[in-house]
Amino acid sequence: MSEPATQKKIAIDIVSDAVCPWCFIGKRNLEAALADLPGVSPEIHWRPYQLDPTIPPEGVDRRAYLARKFGSRVSEVYGRVTEAGAAAGIPFAFETIGRSPNTLDAHRLIRWSWSAGKQDAIVERLFRDFFIEGKDIGDRNVLIAAARDCGMDTDVVAKLLDGDSDKDEVRAEIASAQDLGVTGVPFFILNGKYALPGAQPPDVLKRSIERAISRTEAEEFAAK
């Protein structure tokens, strides 16, 4: 029996907000791209971004918020998102969302989930909770339930959420992304140097990943 081919590694950082539907679509498109790259072993790290940090901790009424943000274009904007979501296999249920949350606590949970090895599961859960179940992911009980169901220590998570742990770190990371020129999400960073903005189609992500791997290998070879 022949030896299995060596897996090619790539680091993928994804700057995202848990209330960004295009970020959910971007996640699905990345999964599709990676499914077509069986020889690639990715290390995926979700990074924070807040589309609207001015939303108060308790959140705001969703319909009023969207009316202020988009005016008469709400149906048009979300019609396009619904269509793109369906193509990616996401049954968006925007009508179930009652409140637009502040996502700082959600990002804190995502940050903690990295060290627990549960980040993909938490990100997936929060996207589903918000966009499909219509849950308020600014509610700490919702976040604790997500942590529990994804295998995290809920006692630790509850204590951390009760305090200010990592709030400054999350804000600093968002500021760093903005300093790099990130103005919208999702924003993919491949191997720490190759940027790809937007919810790109799977084939574009696939080609970009392949190019990033090839360039990194060439750079490493040249440095020897």
# chains A, B, ... in the order shown; residues from 1 in each chain; ligands from 1
>>> select_by_dssp(residues="stretch 35-195 of chain A", states="helix (DSSP H, G or I)", output="PyMOL selection string")
chain A and resi 35+62-87+94-96+104-115+119-131+140-149+154-162+167-179
>>> residues_around(residues="stretch 135-142 of chain A", least_positions_apart="4", cutoff="7 Å", atoms="only C-alpha atoms", output="PDB file with N, CA and C atoms, in the first residue's frame")
ATOM      1  N   GLU A  58     -28.209  45.477  25.458  1.00  0.00           N
ATOM      2  CA  GLU A  58     -29.483  44.754  25.455  1.00  0.00           C
ATOM      3  C   GLU A  58     -30.055  44.566  24.057  1.00  0.00           C
ATOM      4  N   GLY A  59     -29.396  45.116  23.043  1.00  0.00           N
ATOM      5  CA  GLY A  59     -29.881  44.995  21.680  1.00  0.00           C
ATOM      6  C   GLY A  59     -30.973  46.000  21.368  1.00  0.00           C
ATOM      7  N   ILE A  97     -36.187  36.766  13.442  1.00  0.00           N
ATOM      8  CA  ILE A  97     -35.269  37.554  14.263  1.00  0.00           C
ATOM      9  C   ILE A  97     -36.002  38.745  14.860  1.00  0.00           C
ATOM     10  N   ARG A  99     -34.612  40.733  17.568  1.00  0.00           N
ATOM     11  CA  ARG A  99     -33.728  41.795  18.052  1.00  0.00           C
ATOM     12  C   ARG A  99     -32.388  41.738  17.328  1.00  0.00           C
ATOM     13  N   PRO A 101     -28.651  42.235  18.057  1.00  0.00           N
ATOM     14  CA  PRO A 101     -27.845  42.278  19.270  1.00  0.00           C
ATOM     15  C   PRO A 101     -26.521  43.003  19.090  1.00  0.00           C
ATOM     16  N   ASN A 102     -25.962  43.434  20.212  1.00  0.00           N
ATOM     17  CA  ASN A 102     -24.556  43.809  20.232  1.00  0.00           C
ATOM     18  C   ASN A 102     -23.777  42.500  20.313  1.00  0.00           C
ATOM     19  N   THR A 103     -22.761  42.331  19.470  1.00  0.00           N
ATOM     20  CA  THR A 103     -22.092  41.032  19.368  1.00  0.00           C
ATOM     21  C   THR A 103     -20.793  40.924  20.166  1.00  0.00           C
ATOM     22  N   ASP A 105     -20.223  40.160  23.330  1.00  0.00           N
ATOM     23  CA  ASP A 105     -20.174  38.936  24.130  1.00  0.00           C
ATOM     24  C   ASP A 105     -20.069  37.694  23.250  1.00  0.00           C
ATOM     25  N   ALA A 106     -20.729  37.715  22.099  1.00  0.00           N
ATOM     26  CA  ALA A 106     -20.610  36.583  21.176  1.00  0.00           C
ATOM     27  C   ALA A 106     -19.164  36.413  20.728  1.00  0.00           C
ATOM     28  N   LEU A 126     -23.724  29.798  16.566  1.00  0.00           N
ATOM     29  CA  LEU A 126     -24.219  31.172  16.675  1.00  0.00           C
ATOM     30  C   LEU A 126     -24.867  31.639  15.379  1.00  0.00           C
ATOM     31  N   ASP A 129     -28.199  29.830  15.369  1.00  0.00           N
ATOM     32  CA  ASP A 129     -29.088  30.390  16.392  1.00  0.00           C
ATOM     33  C   ASP A 129     -29.724  31.690  15.906  1.00  0.00           C
ATOM     34  N   PHE A 130     -28.909  32.545  15.325  1.00  0.00           N
ATOM     35  CA  PHE A 130     -29.399  33.867  14.927  1.00  0.00           C
ATOM     36  C   PHE A 130     -30.197  33.833  13.638  1.00  0.00           C
ATOM     37  N   ALA A 146     -25.275  27.673  24.015  1.00  0.00           N
ATOM     38  CA  ALA A 146     -24.438  27.318  22.862  1.00  0.00           C
ATOM     39  C   ALA A 146     -23.130  26.699  23.328  1.00  0.00           C
TER      40      ALA A 146
END
>>> atom_distance(atom1="atom CA of A:Cys20", atom2="atom CA of A:Ala32")
19.0 Å
>>> residues_around(residues="A:Ala195", least_positions_apart="2", cutoff="12 Å", atoms="only C-alpha atoms", output="PyMOL selection string")
chain A and resi 11-15+177+180-182+185-193+197-198+200+205+208-209+211-212
>>> residues_around(residues="A:Lys8", least_positions_apart="3", cutoff="8 Å", atoms="only C-alpha atoms", output="JSON, numbers by chain")
{"A": [39, 40, 41, 213]}
>>> write_last_selection(atoms="N, CA and C atoms", output="PDB file, in the first residue's frame")
ATOM      1  N   GLY A  39      -6.265  17.345  -0.189  1.00  0.00           N
ATOM      2  CA  GLY A  39      -4.856  17.318   0.196  1.00  0.00           C
ATOM      3  C   GLY A  39      -4.439  18.501   1.053  1.00  0.00           C
ATOM      4  N   VAL A  40      -5.403  19.347   1.402  1.00  0.00           N
ATOM      5  CA  VAL A  40      -5.094  20.550   2.180  1.00  0.00           C
ATOM      6  C   VAL A  40      -5.608  20.394   3.609  1.00  0.00           C
ATOM      7  N   SER A  41      -4.745  20.733   4.567  1.00  0.00           N
ATOM      8  CA  SER A  41      -5.104  20.690   5.976  1.00  0.00           C
ATOM      9  C   SER A  41      -5.147  22.122   6.513  1.00  0.00           C
ATOM     10  N   ILE A 213      -0.817  28.602  -1.033  1.00  0.00           N
ATOM     11  CA  ILE A 213       0.062  27.483  -0.680  1.00  0.00           C
ATOM     12  C   ILE A 213       1.277  27.467  -1.583  1.00  0.00           C
TER      13      ILE A 213
END
>>> atom_distance(atom1="atom CA of A:Pro42", atom2="atom CA of A:Ile10")
4.9 Å
>>> residues_around(residues="A:Ala158", least_positions_apart="2", cutoff="12 Å", atoms="only C-alpha atoms", output="list in words")
Asp105, Arg108, Leu109, Trp112, Asp139, Arg140, Asn141, Val142, Leu143, Ile144, Ala145, Ala146, Ala147, Arg148, Met152, Asp153, Thr154, Asp155, Val156, Leu160, Leu161, Asp162, Gly163, Asp164 and Ser165 of chain A
>>> write_last_selection(atoms="C-alpha atoms", output="mmCIF file, in the first residue's frame")
data_model
loop_
_atom_site.group_PDB
_atom_site.id
_atom_site.type_symbol
_atom_site.label_atom_id
_atom_site.label_comp_id
_atom_site.auth_asym_id
_atom_site.auth_seq_id
_atom_site.Cartn_x
_atom_site.Cartn_y
_atom_site.Cartn_z
ATOM 1 C CA ASP A 105 -20.174 38.936 24.130
ATOM 2 C CA ARG A 108 -15.779 36.853 23.564
ATOM 3 C CA LEU A 109 -17.310 33.371 23.459
ATOM 4 C CA TRP A 112 -12.631 31.451 24.326
ATOM 5 C CA ASP A 139 -28.490 37.148 25.527
ATOM 6 C CA ARG A 140 -26.011 35.463 27.851
ATOM 7 C CA ASN A 141 -28.347 32.523 28.454
ATOM 8 C CA VAL A 142 -28.321 31.840 24.705
ATOM 9 C CA LEU A 143 -24.516 32.049 24.659
ATOM 10 C CA ILE A 144 -24.175 29.727 27.655
ATOM 11 C CA ALA A 145 -26.528 27.203 26.036
ATOM 12 C CA ALA A 146 -24.438 27.318 22.862
ATOM 13 C CA ALA A 147 -21.264 26.758 24.891
ATOM 14 C CA ARG A 148 -22.843 23.807 26.702
ATOM 15 C CA MET A 152 -17.426 23.934 26.560
ATOM 16 C CA ASP A 153 -17.312 24.350 30.347
ATOM 17 C CA THR A 154 -20.440 26.394 31.041
ATOM 18 C CA ASP A 155 -19.417 27.281 34.593
ATOM 19 C CA VAL A 156 -16.257 28.915 33.264
ATOM 20 C CA LEU A 160 -16.298 35.025 32.254
ATOM 21 C CA LEU A 161 -19.453 36.525 30.757
ATOM 22 C CA ASP A 162 -20.348 38.016 34.143
ATOM 23 C CA GLY A 163 -17.132 40.041 34.077
ATOM 24 C CA ASP A 164 -15.187 42.092 31.549
ATOM 25 C CA SER A 165 -12.730 39.373 30.553
#
